[in-house]
Each structure stands twice: as C-alpha cells, then as structure tokens.
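Here is the file model11.csv (CSV, C-alpha atoms).
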```csv
chain,number,residue,atom,x,y,z
A,1,MET,CA,-55.2,-33.3,-26.2
A,2,ARG,CA,-56.1,-31.3,-29.2
A,3,ASP,CA,-53.0,-29.2,-28.9
A,4,SER,CA,-50.6,-32.2,-28.6
A,5,LYS,CA,-52.2,-33.8,-31.7
A,6,PHE,CA,-51.7,-30.6,-33.6
A,7,SER,CA,-48.1,-30.3,-32.4
A,8,PHE,CA,-47.4,-33.9,-33.5
A,9,ARG,CA,-48.9,-33.2,-37.0
A,10,LEU,CA,-46.8,-30.1,-37.2
A,11,LYS,CA,-43.6,-31.9,-36.3
A,12,VAL,CA,-44.3,-34.6,-39.0
A,13,PHE,CA,-45.1,-32.0,-41.5
A,14,ILE,CA,-41.8,-30.1,-40.8
A,15,VAL,CA,-39.7,-33.3,-40.8
A,16,ILE,CA,-41.2,-34.3,-44.2
A,17,SER,CA,-40.7,-30.9,-45.6
A,18,LEU,CA,-37.1,-30.7,-44.4
A,19,THR,CA,-36.4,-34.2,-45.8
A,20,LEU,CA,-37.8,-33.2,-49.2
A,21,SER,CA,-35.8,-30.0,-49.3
A,22,VAL,CA,-32.5,-31.6,-48.3
A,23,GLY,CA,-33.2,-34.4,-50.9
A,24,LEU,CA,-33.9,-31.8,-53.5
A,25,PHE,CA,-30.7,-29.9,-52.6
A,26,ILE,CA,-28.5,-33.1,-52.8
A,27,TYR,CA,-30.1,-34.2,-56.1
A,28,THR,CA,-29.4,-30.7,-57.6
A,29,LEU,CA,-25.8,-30.9,-56.5
A,30,ILE,CA,-25.3,-34.4,-58.0
A,31,VAL,CA,-27.0,-33.5,-61.3
A,32,ASN,CA,-25.1,-30.2,-61.6
A,33,SER,CA,-21.9,-31.9,-60.9
A,34,GLY,CA,-22.7,-34.4,-63.7
A,35,ILE,CA,-23.5,-31.6,-66.1
A,36,ARG,CA,-20.2,-29.9,-65.2
A,37,ASP,CA,-18.2,-33.1,-65.9
A,38,ILE,CA,-19.9,-33.5,-69.3
A,39,GLU,CA,-19.4,-29.8,-70.2
A,40,ASN,CA,-15.7,-30.2,-69.2
A,41,SER,CA,-15.3,-32.8,-71.9
A,42,ARG,CA,-16.6,-30.5,-74.6
A,43,ASP,CA,-14.0,-29.7,-77.3
A,44,THR,CA,-13.6,-25.9,-77.0
A,45,SER,CA,-10.9,-25.5,-79.7
A,46,LEU,CA,-13.3,-23.6,-82.1
A,47,HIS,CA,-15.2,-21.6,-79.5
A,48,VAL,CA,-13.2,-18.4,-79.9
A,49,LEU,CA,-13.5,-18.6,-83.7
A,50,GLU,CA,-17.2,-19.3,-83.5
A,51,ALA,CA,-17.8,-16.4,-81.1
A,52,THR,CA,-15.7,-14.0,-83.2
A,53,LYS,CA,-17.6,-15.0,-86.4
A,54,LEU,CA,-20.9,-14.0,-84.7
A,55,TRP,CA,-19.9,-10.5,-83.7
A,56,VAL,CA,-18.1,-9.9,-87.0
A,57,VAL,CA,-21.4,-10.7,-88.8
A,58,GLU,CA,-23.2,-8.2,-86.6
A,59,ASP,CA,-20.5,-5.5,-87.2
A,60,ILE,CA,-20.6,-6.0,-91.0
A,61,ARG,CA,-24.4,-6.0,-91.0
A,62,ASP,CA,-24.5,-2.7,-89.0
A,63,TYR,CA,-22.0,-1.1,-91.4
A,64,LEU,CA,-23.8,-2.2,-94.6
A,65,LEU,CA,-27.2,-1.1,-93.3
A,66,ILE,CA,-26.3,2.5,-92.6
A,67,ARG,CA,-29.2,4.6,-93.9
A,68,ASP,CA,-29.1,7.9,-92.0
A,69,LYS,CA,-27.2,9.8,-89.4
A,70,GLU,CA,-28.8,7.8,-86.6
A,71,THR,CA,-27.7,4.4,-88.0
A,72,TYR,CA,-24.3,5.9,-88.9
A,73,ASP,CA,-23.7,7.0,-85.4
A,74,MET,CA,-24.9,3.8,-83.9
A,75,ALA,CA,-22.8,1.7,-86.2
A,76,LYS,CA,-19.7,3.9,-85.7
A,77,SER,CA,-19.9,3.6,-81.9
A,78,PHE,CA,-20.9,-0.1,-81.9
A,79,VAL,CA,-18.5,-1.8,-84.4
A,80,HIS,CA,-15.3,-3.3,-83.1
A,81,MET,CA,-12.9,-1.7,-85.6
A,82,SER,CA,-9.5,-0.1,-85.2
A,83,SER,CA,-9.5,3.7,-85.4
A,84,GLU,CA,-7.6,3.6,-88.7
A,85,LEU,CA,-10.2,1.3,-90.3
A,86,LYS,CA,-13.0,3.2,-88.8
A,87,LYS,CA,-11.7,6.4,-90.3
A,88,GLU,CA,-11.3,4.7,-93.7
A,89,LEU,CA,-14.8,3.3,-93.7
A,90,PHE,CA,-16.8,5.9,-91.8
A,91,GLY,CA,-14.8,9.0,-92.6
A,92,ASN,CA,-14.7,11.9,-90.1
A,93,SER,CA,-18.4,12.6,-90.0
A,94,PHE,CA,-21.8,11.6,-91.5
A,95,GLU,CA,-21.7,14.6,-93.8
A,96,GLY,CA,-18.7,13.1,-95.7
A,97,PHE,CA,-20.0,9.6,-95.7
A,98,ARG,CA,-21.3,8.1,-98.9
A,99,LEU,CA,-24.6,6.3,-98.3
A,100,THR,CA,-25.3,3.1,-100.3
A,101,ASP,CA,-28.7,2.0,-101.8
A,102,ILE,CA,-28.6,-1.3,-99.9
A,103,GLN,CA,-32.1,-2.2,-98.7
A,104,SER,CA,-31.4,-5.5,-96.8
A,105,VAL,CA,-28.6,-8.0,-96.3
A,106,SER,CA,-28.6,-11.7,-95.5
A,107,PHE,CA,-25.6,-13.8,-94.6
A,108,VAL,CA,-25.3,-16.9,-96.7
A,109,ASP,CA,-22.1,-18.2,-95.1
A,110,ALA,CA,-19.7,-17.3,-92.3
A,111,GLN,CA,-16.5,-19.2,-91.9
A,112,TYR,CA,-13.0,-18.9,-90.3
A,113,SER,CA,-9.5,-19.9,-91.1
A,114,LEU,CA,-7.8,-22.4,-88.8
A,115,ASP,CA,-4.3,-21.4,-89.9
A,116,SER,CA,-3.8,-17.9,-88.6
A,117,GLU,CA,-2.0,-17.8,-85.3
A,118,GLU,CA,-1.4,-14.1,-84.8
A,119,ASP,CA,-4.9,-13.0,-85.9
A,120,ILE,CA,-8.3,-14.4,-86.8
A,121,LYS,CA,-9.5,-14.4,-90.4
A,122,ILE,CA,-13.3,-14.5,-91.0
A,123,TYR,CA,-14.9,-15.1,-94.4
A,124,LEU,CA,-18.4,-13.8,-95.1
A,125,LEU,CA,-20.7,-14.3,-98.1
A,126,VAL,CA,-23.5,-11.8,-98.0
A,127,ASN,CA,-26.6,-11.4,-100.2
A,128,VAL,CA,-27.1,-7.7,-100.7
A,129,GLU,CA,-30.5,-6.4,-101.9
A,130,ARG,CA,-30.5,-3.2,-103.9
A,131,PRO,CA,-33.4,-1.6,-105.9
A,132,GLU,CA,-31.9,-3.1,-109.1
A,133,GLY,CA,-31.7,-6.7,-107.6
A,134,VAL,CA,-29.8,-9.0,-105.4
A,135,SER,CA,-26.0,-9.4,-105.7
A,136,GLN,CA,-23.4,-11.1,-103.6
A,137,LEU,CA,-20.5,-9.6,-101.6
A,138,ASN,CA,-17.6,-11.5,-100.2
A,139,PHE,CA,-15.6,-10.3,-97.2
A,140,VAL,CA,-12.3,-11.4,-95.7
A,141,VAL,CA,-12.1,-9.8,-92.3
A,142,SER,CA,-8.9,-9.7,-90.2
A,143,VAL,CA,-9.4,-9.6,-86.4
A,144,LYS,CA,-6.8,-9.1,-83.7
A,145,ASP,CA,-7.4,-8.5,-80.0
A,146,ASN,CA,-11.2,-8.5,-80.6
A,147,THR,CA,-10.8,-5.7,-83.1
A,148,ILE,CA,-11.3,-5.7,-86.9
A,149,TYR,CA,-8.1,-4.1,-88.4
A,150,ASP,CA,-8.5,-5.0,-92.0
A,151,LEU,CA,-11.3,-5.7,-94.4
A,152,LEU,CA,-11.2,-7.1,-97.9
A,153,ALA,CA,-14.4,-6.9,-100.0
A,154,TYR,CA,-15.1,-8.1,-103.5
B,1,MET,CA,-51.9,-22.4,-35.6
B,2,ARG,CA,-49.3,-19.7,-36.1
B,3,TYR,CA,-46.5,-22.3,-36.4
B,4,PHE,CA,-48.5,-24.3,-38.8
B,5,SER,CA,-49.0,-21.3,-41.1
B,6,PHE,CA,-45.3,-20.5,-40.9
B,7,GLY,CA,-44.5,-24.1,-41.8
B,8,VAL,CA,-46.8,-24.1,-44.8
B,9,LEU,CA,-45.2,-20.8,-46.0
B,10,LEU,CA,-41.7,-22.2,-45.4
B,11,VAL,CA,-42.4,-25.4,-47.3
B,12,SER,CA,-44.1,-23.6,-50.1
B,13,PHE,CA,-41.1,-21.3,-50.4
B,14,LEU,CA,-38.6,-24.2,-50.3
B,15,LEU,CA,-40.4,-26.2,-52.8
B,16,LEU,CA,-41.0,-23.3,-55.2
B,17,SER,CA,-37.4,-22.2,-55.0
B,18,GLY,CA,-36.4,-25.8,-55.4
B,19,CYS,CA,-38.4,-26.0,-58.6
B,20,GLY,CA,-36.4,-23.1,-59.9
B,21,VAL,CA,-33.1,-24.8,-59.4
B,22,LEU,CA,-34.1,-28.3,-60.1
B,23,PRO,CA,-32.1,-29.3,-63.2
B,24,THR,CA,-34.4,-30.4,-65.9
B,25,THR,CA,-31.5,-31.5,-68.2
B,26,ASP,CA,-31.4,-35.1,-69.0
B,27,LEU,CA,-27.8,-36.1,-68.4
B,28,ASN,CA,-27.8,-38.7,-71.2
B,29,ALA,CA,-29.1,-36.2,-73.7
B,30,LYS,CA,-26.5,-33.7,-72.6
B,31,ARG,CA,-23.7,-36.3,-72.9
B,32,LEU,CA,-24.9,-37.3,-76.4
B,33,GLU,CA,-25.1,-33.6,-77.5
B,34,VAL,CA,-21.5,-33.0,-76.3
B,35,GLU,CA,-20.2,-36.2,-77.9
B,36,GLU,CA,-22.0,-35.2,-81.2
B,37,TYR,CA,-20.5,-31.7,-81.1
B,38,ASN,CA,-17.0,-33.1,-80.4
B,39,SER,CA,-17.3,-35.5,-83.2
B,40,LEU,CA,-18.3,-32.6,-85.5
B,41,VAL,CA,-15.3,-30.6,-84.5
B,42,SER,CA,-13.0,-33.6,-85.0
B,43,SER,CA,-14.4,-34.3,-88.5
B,44,THR,CA,-14.2,-30.6,-89.4
B,45,LEU,CA,-10.5,-30.4,-88.4
B,46,SER,CA,-9.7,-33.7,-90.3
B,47,ALA,CA,-11.5,-32.5,-93.4
B,48,TYR,CA,-9.9,-29.1,-93.2
B,49,THR,CA,-6.3,-30.5,-92.9
B,50,ALA,CA,-6.8,-33.1,-95.7
B,51,ILE,CA,-8.5,-30.7,-98.1
B,52,LYS,CA,-6.1,-27.8,-97.4
B,53,GLN,CA,-3.1,-30.1,-98.0
B,54,LYS,CA,-4.5,-31.1,-101.4
B,55,ALA,CA,-5.5,-27.6,-102.3
B,56,GLU,CA,-2.0,-26.2,-101.5
B,57,GLY,CA,-0.4,-28.8,-103.7
B,58,GLU,CA,-2.7,-27.6,-106.5
B,59,LEU,CA,-2.2,-23.9,-105.9
B,60,TYR,CA,-0.3,-23.0,-109.2
B,61,ASN,CA,-2.4,-25.5,-111.3
B,62,LEU,CA,-5.5,-23.8,-109.9
B,63,ALA,CA,-4.1,-20.3,-110.6
B,64,ASP,CA,-3.4,-21.4,-114.2
B,65,PHE,CA,-6.9,-22.9,-114.5
B,66,VAL,CA,-8.8,-19.8,-113.3
B,67,LEU,CA,-6.8,-17.7,-115.7
B,68,ARG,CA,-6.8,-19.9,-118.8
B,69,GLY,CA,-9.8,-22.1,-118.1
B,70,GLY,CA,-10.0,-25.8,-119.0
B,71,GLU,CA,-12.1,-28.9,-119.2
B,72,ASN,CA,-12.7,-31.1,-116.1
B,73,TYR,CA,-10.0,-29.8,-113.8
B,74,GLN,CA,-10.7,-31.4,-110.4
B,75,GLY,CA,-14.3,-32.0,-111.6
B,76,VAL,CA,-15.0,-28.5,-113.0
B,77,SER,CA,-14.7,-26.7,-116.3
B,78,LEU,CA,-14.1,-23.0,-116.9
B,79,GLU,CA,-13.8,-20.6,-119.8
B,80,SER,CA,-10.6,-18.7,-120.1
B,81,LEU,CA,-10.4,-15.0,-119.2
B,82,THR,CA,-10.6,-12.7,-122.2
B,83,GLU,CA,-7.4,-11.8,-124.1
B,84,GLY,CA,-7.4,-8.3,-122.6
B,85,GLU,CA,-7.8,-9.6,-119.0
B,86,LEU,CA,-5.2,-12.4,-119.5
B,87,GLU,CA,-2.7,-9.8,-120.7
B,88,SER,CA,-2.8,-8.2,-117.3
B,89,PHE,CA,-1.9,-11.5,-115.7
B,90,ASN,CA,1.1,-12.4,-117.8
B,91,ASN,CA,3.0,-11.6,-114.6
B,92,PHE,CA,1.0,-12.0,-111.5
B,93,ASN,CA,1.6,-12.4,-107.8
B,94,ILE,CA,-0.6,-14.2,-105.2
B,95,PHE,CA,-1.8,-11.3,-103.1
B,96,TYR,CA,-3.8,-13.6,-100.8
B,97,ASN,CA,-4.5,-17.2,-100.3
B,98,GLY,CA,-6.7,-18.4,-97.4
B,99,TYR,CA,-8.8,-21.4,-96.4
B,100,PHE,CA,-12.0,-21.3,-94.4
B,101,THR,CA,-14.3,-23.7,-92.6
B,102,SER,CA,-16.8,-23.8,-89.7
B,103,VAL,CA,-18.1,-26.5,-87.4
B,104,GLY,CA,-19.8,-29.3,-89.3
B,105,ALA,CA,-18.4,-28.3,-92.7
B,106,ASP,CA,-17.1,-31.2,-94.8
B,107,SER,CA,-15.8,-28.9,-97.5
B,108,VAL,CA,-13.2,-26.0,-97.4
B,109,ARG,CA,-13.5,-22.6,-99.1
B,110,GLN,CA,-10.4,-21.2,-100.6
B,111,VAL,CA,-10.1,-17.5,-101.3
B,112,LEU,CA,-7.4,-16.8,-103.8
B,113,ILE,CA,-6.5,-13.2,-105.0
B,114,LEU,CA,-4.2,-12.8,-107.9
B,115,LYS,CA,-2.8,-9.4,-108.6
B,116,GLY,CA,-1.9,-8.7,-112.2
B,117,TYR,CA,-0.5,-5.6,-113.9
B,118,ASP,CA,-3.7,-3.5,-113.8
B,119,LYS,CA,-6.3,-6.0,-112.7
B,120,VAL,CA,-7.1,-8.2,-109.7
B,121,LEU,CA,-8.7,-11.6,-109.9
B,122,TYR,CA,-10.7,-12.7,-106.9
B,123,VAL,CA,-11.3,-16.5,-106.9
B,124,THR,CA,-13.6,-18.4,-104.5
B,125,VAL,CA,-13.2,-22.2,-104.7
B,126,ILE,CA,-15.1,-24.7,-102.7
B,127,TRP,CA,-13.1,-27.9,-102.3
B,128,GLY,CA,-14.8,-31.2,-101.3
B,129,THR,CA,-12.9,-34.2,-100.1
B,130,GLU,CA,-12.6,-35.6,-103.7
B,131,ASP,CA,-12.7,-32.7,-106.0
B,132,ILE,CA,-13.8,-29.1,-106.5
B,133,HIS,CA,-17.5,-28.3,-106.0
B,134,SER,CA,-17.5,-24.8,-107.5
B,135,VAL,CA,-15.3,-21.9,-108.7
B,136,ASP,CA,-16.3,-18.3,-108.8
B,137,ARG,CA,-14.2,-15.6,-110.4
B,138,VAL,CA,-14.4,-11.8,-110.3
B,139,VAL,CA,-12.0,-9.6,-112.2
B,140,LYS,CA,-11.6,-6.0,-111.2
B,141,ASP,CA,-9.5,-3.1,-112.3
B,142,ILE,CA,-6.9,-1.9,-109.8
```

Final structure tokens representation of the file:
Amino acid sequence: MRDSKFSFRLKVFIVISLTLSVGLFIYTLIVNSGIRDIENSRDTSLHVLEATKLWVVEDIRDYLLIRDKETYDMAKSFVHMSSELKKELFGNSFEGFRLTDIQSVSFVDAQYSLDSEEDIKIYLLVNVERPEGVSQLNFVVSVKDNTIYDLLAY
Amino acid sequence: MRYFSFGVLLVSFLLLSGCGVLPTTDLNAKRLEVEEYNSLVSSTLSAYTAIKQKAEGELYNLADFVLRGGENYQGVSLESLTEGELESFNNFNIFYNGYFTSVGADSVRQVLILKGYDKVLYVTVIWGTEDIHSVDRVVKDI
C-alpha cells in the first residue's frame, strides 16, 4: 500500500516535471524566434563601418602609446596595417624607431565616410597628453580588406 | 526511493538548465530598441546626404573663406591667413576633400586639405543642417 502511494506520487511528480520542461522549451523557442524576427529588421547598413571604426581606434591607440620595446613589438604584431605602411611607421626594428613623449591619449571623436565604395575612410580626433600639455591630433585612415593602407595625420 | 532521488535530480537539472536558456529579453523593449536604432541610422543618412550636398556646392567658397577669412560666412567668421602663408596658396589644389559621420550624428565633418606651393592647409569644418558650427585650420610647411 505504501509502495503504490509512493509510486503514484512519483508518477505525478515526473508528469509535472516533464510538462514544465516541455513548456519551458516551447516558450524559449517562441521567444527566440521573436527576437530573431526583430533582429532581422535591424538596419545593418552601417555595421561594417561601425566595426571598422572600433578596431581602427584600437590600432591607432596602440601605435601612439608605444613606450618601449615590449609595446613596440605588441603594437607591430597587433595592428592591421599593410606591410608598406608598417615599415613606414614602425621601421625595421625598435632600435631605429623614434619614441614620442606621449603619456596618454583619449579619442574625442571617431567617424566614417559614407562615400567611399572601394575602401573605408575613418576620421579620428584624438586628445594627446604630453609633458608640456594636451594637444589634438586628427587622423584620416584609409582601410581596405580589413587593413589600414594609408594614414594621414595633422 | 532510488527513482524518487533520480526524479528530483532530473527535475533540478532540467529546471536549472532551463533557467540558463530562458530568454529574459522583453520583446517589446527589444522591438523599441531596434526601431530607435533604425530611425537613428535613417536620420543620419538623410542628414549626411543633405549636408554633404550643400557643402559640395560651397567647396570653392569655403576654400576662399579659409584662405582669406571673412565675416559671417555660413554663420562663422575667420581671420585671413598671413600674407606669407597666402602667397603659397596663390595657386593651390585640393589634395583631399572628405565627409564624415557616425550613427546618431546630425552634423557632418568635412576634412579639406589644400596644397599650396610650399605649404599645406588642413581644414576641419563641422556642418550643421543650417550652417557651419566650427572651422579649424592648421597650416604646415611641406
């Protein structure tokens, strides 16, 4: 008698558990499908430009903040630059590289052009802190195939 | 008793793993966020097109203004370059002219680089929908 009561409770418990689990599964499917539909309606026309802007900022930051051989090597291996531009900016080795006195940098603005079809142009406005004070640097960066191939600074 | 323990373990596992995949996103909030983003992109593109069209029509007037200065050109005033600097730009060419924006911007940044005989003039202009917000100039020797 005691065993059959226990068996009945166990069955009820398992049925409730399975119902809850299946319910949860179906609910998840429905909500995820809704999220997917909403995400599909998102305008992605600027996504590539926004993503490029972000990594270009990181590359320029790494380049500007080279302080020693370690940061030089890290920046040189990390930045997405063409071999010609890398050679122009980094030289052949750290020994020939001219260190700057830049202490810190902060990016005031980062924008992109909507006109270029063959490449991506990114504009950066950077506050540069040196021992004598803070100045601003402007960059126009040309990117093609996820690689910076030209850099204009003023 | 063995089955019961197994059942409790199974339910605990299912419910806990269910909690991990249970979407906590509010669909309405998500829809609003996407609609707001799309509207930002749309207004950015419209502003960019309209402002760029206006700026392109003003390109040579702007070049003249940043060289010789003037009062209240598109809402801004500027001193002329010095005689020595101006001399270099008696004949100049437009080395670069580009327009920049980003999501949510209602203004457009124009970067204009004029190459003179022995100097380069770097100009950064921020165009609003009505007029110019600011002009920055940097003259450098070539």

Review point. Excluding same-chain residues fewer than 4 positions from Asp145 in chain A, what lies within 10 Å of it counting all atoms listed in the file, as number ranges by chain?
Key: A: 80, 118-120, 149

Please write the residues from the selection above to a file, keeping C-alpha atoms, as an mmCIF file, keeping the file's coordinate frame.
```cif
data_model
loop_
_atom_site.group_PDB
_atom_site.id
_atom_site.type_symbol
_atom_site.label_atom_id
_atom_site.label_comp_id
_atom_site.auth_asym_id
_atom_site.auth_seq_id
_atom_site.Cartn_x
_atom_site.Cartn_y
_atom_site.Cartn_z
ATOM 1 C CA HIS A 80 -15.300 -3.300 -83.100
ATOM 2 C CA GLU A 118 -1.400 -14.100 -84.800
ATOM 3 C CA ASP A 119 -4.900 -13.000 -85.900
ATOM 4 C CA ILE A 120 -8.300 -14.400 -86.800
ATOM 5 C CA TYR A 149 -8.100 -4.100 -88.400
#
```

**Study point:** Shell of 6 Å around Glu129 in chain A, only C-alpha atoms, local chain residues under 4 positions omitted, as a PyMOL selection string
**Key:** chain A and resi 102-104+133-134

Point to revise | Neighbour list for Lys52 in chain B as a ChimeraX atom specification, cut-off 9 Å, all atoms listed in the file, skip fewer than 2 positions in-chain | key: /B:47-50,54-57,99,108,110,127

Practice item. Considering all atoms listed in the file, extract the chain A residues located within 10 Å of chain B and return them as a ChimeraX atom specification. Key: /A:3,6-7,9-11,13-14,16-18,20-22,24-25,27-32,34-35,37-47,49-50,53,109-116,121-124,138-140,153-154

**Study point:** Distance in Å - CA of Gly70 in chain B versus CA of Glu130 in chain B
**Key:** 18.4 Å

Take range 90-101 of chain A, bring it up to all heavy atoms, and give me the output as an mmCIF file, in the frame of the given file.
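Listing of part-v4.cif after writing:
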```
data_model
loop_
_atom_site.group_PDB
_atom_site.id
_atom_site.type_symbol
_atom_site.label_atom_id
_atom_site.label_comp_id
_atom_site.auth_asym_id
_atom_site.auth_seq_id
_atom_site.Cartn_x
_atom_site.Cartn_y
_atom_site.Cartn_z
ATOM 1 N N PHE A 90 -15.728 4.973 -92.259
ATOM 2 C CA PHE A 90 -16.800 5.900 -91.800
ATOM 3 C C PHE A 90 -16.468 7.363 -92.123
ATOM 4 O O PHE A 90 -17.367 8.199 -92.079
ATOM 5 C CB PHE A 90 -17.034 5.757 -90.309
ATOM 6 C CG PHE A 90 -17.707 4.483 -89.918
ATOM 7 C CD1 PHE A 90 -16.984 3.326 -89.702
ATOM 8 C CD2 PHE A 90 -19.086 4.435 -89.766
ATOM 9 C CE1 PHE A 90 -17.600 2.140 -89.330
ATOM 10 C CE2 PHE A 90 -19.712 3.250 -89.386
ATOM 11 C CZ PHE A 90 -18.968 2.103 -89.176
ATOM 12 N N GLY A 91 -15.200 7.649 -92.390
ATOM 13 C CA GLY A 91 -14.800 9.000 -92.600
ATOM 14 C C GLY A 91 -14.854 9.775 -91.250
ATOM 15 O O GLY A 91 -14.991 9.169 -90.192
ATOM 16 N N ASN A 92 -14.721 11.094 -91.325
ATOM 17 C CA ASN A 92 -14.700 11.900 -90.100
ATOM 18 C C ASN A 92 -16.101 12.149 -89.533
ATOM 19 O O ASN A 92 -16.304 12.204 -88.335
ATOM 20 C CB ASN A 92 -13.980 13.206 -90.306
ATOM 21 C CG ASN A 92 -12.491 12.965 -90.474
ATOM 22 O OD1 ASN A 92 -11.912 12.103 -89.825
ATOM 23 N ND2 ASN A 92 -11.887 13.697 -91.383
ATOM 24 N N SER A 93 -17.050 12.337 -90.459
ATOM 25 C CA SER A 93 -18.400 12.600 -90.000
ATOM 26 C C SER A 93 -19.435 12.106 -90.991
ATOM 27 O O SER A 93 -19.084 11.700 -92.104
ATOM 28 C CB SER A 93 -18.597 14.154 -89.854
ATOM 29 O OG SER A 93 -18.504 14.736 -91.133
ATOM 30 N N PHE A 94 -20.677 12.124 -90.605
ATOM 31 C CA PHE A 94 -21.800 11.600 -91.500
ATOM 32 C C PHE A 94 -21.855 12.421 -92.755
ATOM 33 O O PHE A 94 -22.162 11.868 -93.811
ATOM 34 C CB PHE A 94 -23.081 11.670 -90.704
ATOM 35 C CG PHE A 94 -24.261 11.250 -91.537
ATOM 36 C CD1 PHE A 94 -24.403 9.919 -91.948
ATOM 37 C CD2 PHE A 94 -25.212 12.169 -91.942
ATOM 38 C CE1 PHE A 94 -25.471 9.526 -92.723
ATOM 39 C CE2 PHE A 94 -26.290 11.773 -92.727
ATOM 40 C CZ PHE A 94 -26.423 10.452 -93.116
ATOM 41 N N GLU A 95 -21.568 13.708 -92.667
ATOM 42 C CA GLU A 95 -21.700 14.600 -93.800
ATOM 43 C C GLU A 95 -20.770 14.128 -94.967
ATOM 44 O O GLU A 95 -21.109 14.265 -96.137
ATOM 45 C CB GLU A 95 -21.367 16.044 -93.446
ATOM 46 C CG GLU A 95 -22.481 16.753 -92.677
ATOM 47 C CD GLU A 95 -22.744 16.161 -91.294
ATOM 48 O OE1 GLU A 95 -21.769 15.775 -90.617
ATOM 49 O OE2 GLU A 95 -23.931 16.062 -90.905
ATOM 50 N N GLY A 96 -19.627 13.575 -94.619
ATOM 51 C CA GLY A 96 -18.700 13.100 -95.700
ATOM 52 C C GLY A 96 -18.878 11.678 -96.038
ATOM 53 O O GLY A 96 -18.151 11.153 -96.878
ATOM 54 N N PHE A 97 -19.834 10.999 -95.417
ATOM 55 C CA PHE A 97 -20.000 9.600 -95.700
ATOM 56 C C PHE A 97 -20.941 9.332 -96.863
ATOM 57 O O PHE A 97 -21.954 10.012 -97.031
ATOM 58 C CB PHE A 97 -20.689 8.942 -94.402
ATOM 59 C CG PHE A 97 -20.894 7.460 -94.492
ATOM 60 C CD1 PHE A 97 -19.830 6.587 -94.337
ATOM 61 C CD2 PHE A 97 -22.155 6.932 -94.723
ATOM 62 C CE1 PHE A 97 -20.027 5.214 -94.408
ATOM 63 C CE2 PHE A 97 -22.358 5.565 -94.807
ATOM 64 C CZ PHE A 97 -21.291 4.696 -94.646
ATOM 65 N N ARG A 98 -20.527 8.373 -97.722
ATOM 66 C CA ARG A 98 -21.300 8.100 -98.900
ATOM 67 C C ARG A 98 -22.319 6.960 -98.631
ATOM 68 O O ARG A 98 -21.910 5.820 -98.426
ATOM 69 C CB ARG A 98 -20.408 7.704 -100.078
ATOM 70 C CG ARG A 98 -20.860 8.352 -101.403
ATOM 71 C CD ARG A 98 -19.927 8.014 -102.531
ATOM 72 N NE ARG A 98 -20.215 6.695 -103.105
ATOM 73 C CZ ARG A 98 -19.421 6.063 -103.943
ATOM 74 N NH1 ARG A 98 -18.268 6.589 -104.291
ATOM 75 N NH2 ARG A 98 -19.758 4.886 -104.438
ATOM 76 N N LEU A 99 -23.590 7.305 -98.616
ATOM 77 C CA LEU A 99 -24.600 6.300 -98.300
ATOM 78 C C LEU A 99 -24.781 5.338 -99.517
ATOM 79 O O LEU A 99 -24.641 5.749 -100.673
ATOM 80 C CB LEU A 99 -25.966 6.969 -98.061
ATOM 81 C CG LEU A 99 -26.152 7.624 -96.693
ATOM 82 C CD1 LEU A 99 -27.459 8.399 -96.651
ATOM 83 C CD2 LEU A 99 -26.144 6.578 -95.589
ATOM 84 N N THR A 100 -25.068 4.079 -99.229
ATOM 85 C CA THR A 100 -25.300 3.100 -100.300
ATOM 86 C C THR A 100 -26.827 2.969 -100.493
ATOM 87 O O THR A 100 -27.608 3.470 -99.685
ATOM 88 C CB THR A 100 -24.719 1.742 -99.963
ATOM 89 O OG1 THR A 100 -25.412 1.237 -98.826
ATOM 90 C CG2 THR A 100 -23.245 1.834 -99.678
ATOM 91 N N ASP A 101 -27.220 2.259 -101.552
ATOM 92 C CA ASP A 101 -28.700 2.000 -101.800
ATOM 93 C C ASP A 101 -29.064 0.618 -101.314
ATOM 94 O O ASP A 101 -30.054 0.061 -101.770
ATOM 95 C CB ASP A 101 -29.024 2.248 -103.242
ATOM 96 C CG ASP A 101 -28.189 1.366 -104.160
ATOM 97 O OD1 ASP A 101 -27.278 0.673 -103.645
ATOM 98 O OD2 ASP A 101 -28.444 1.366 -105.372
#
```
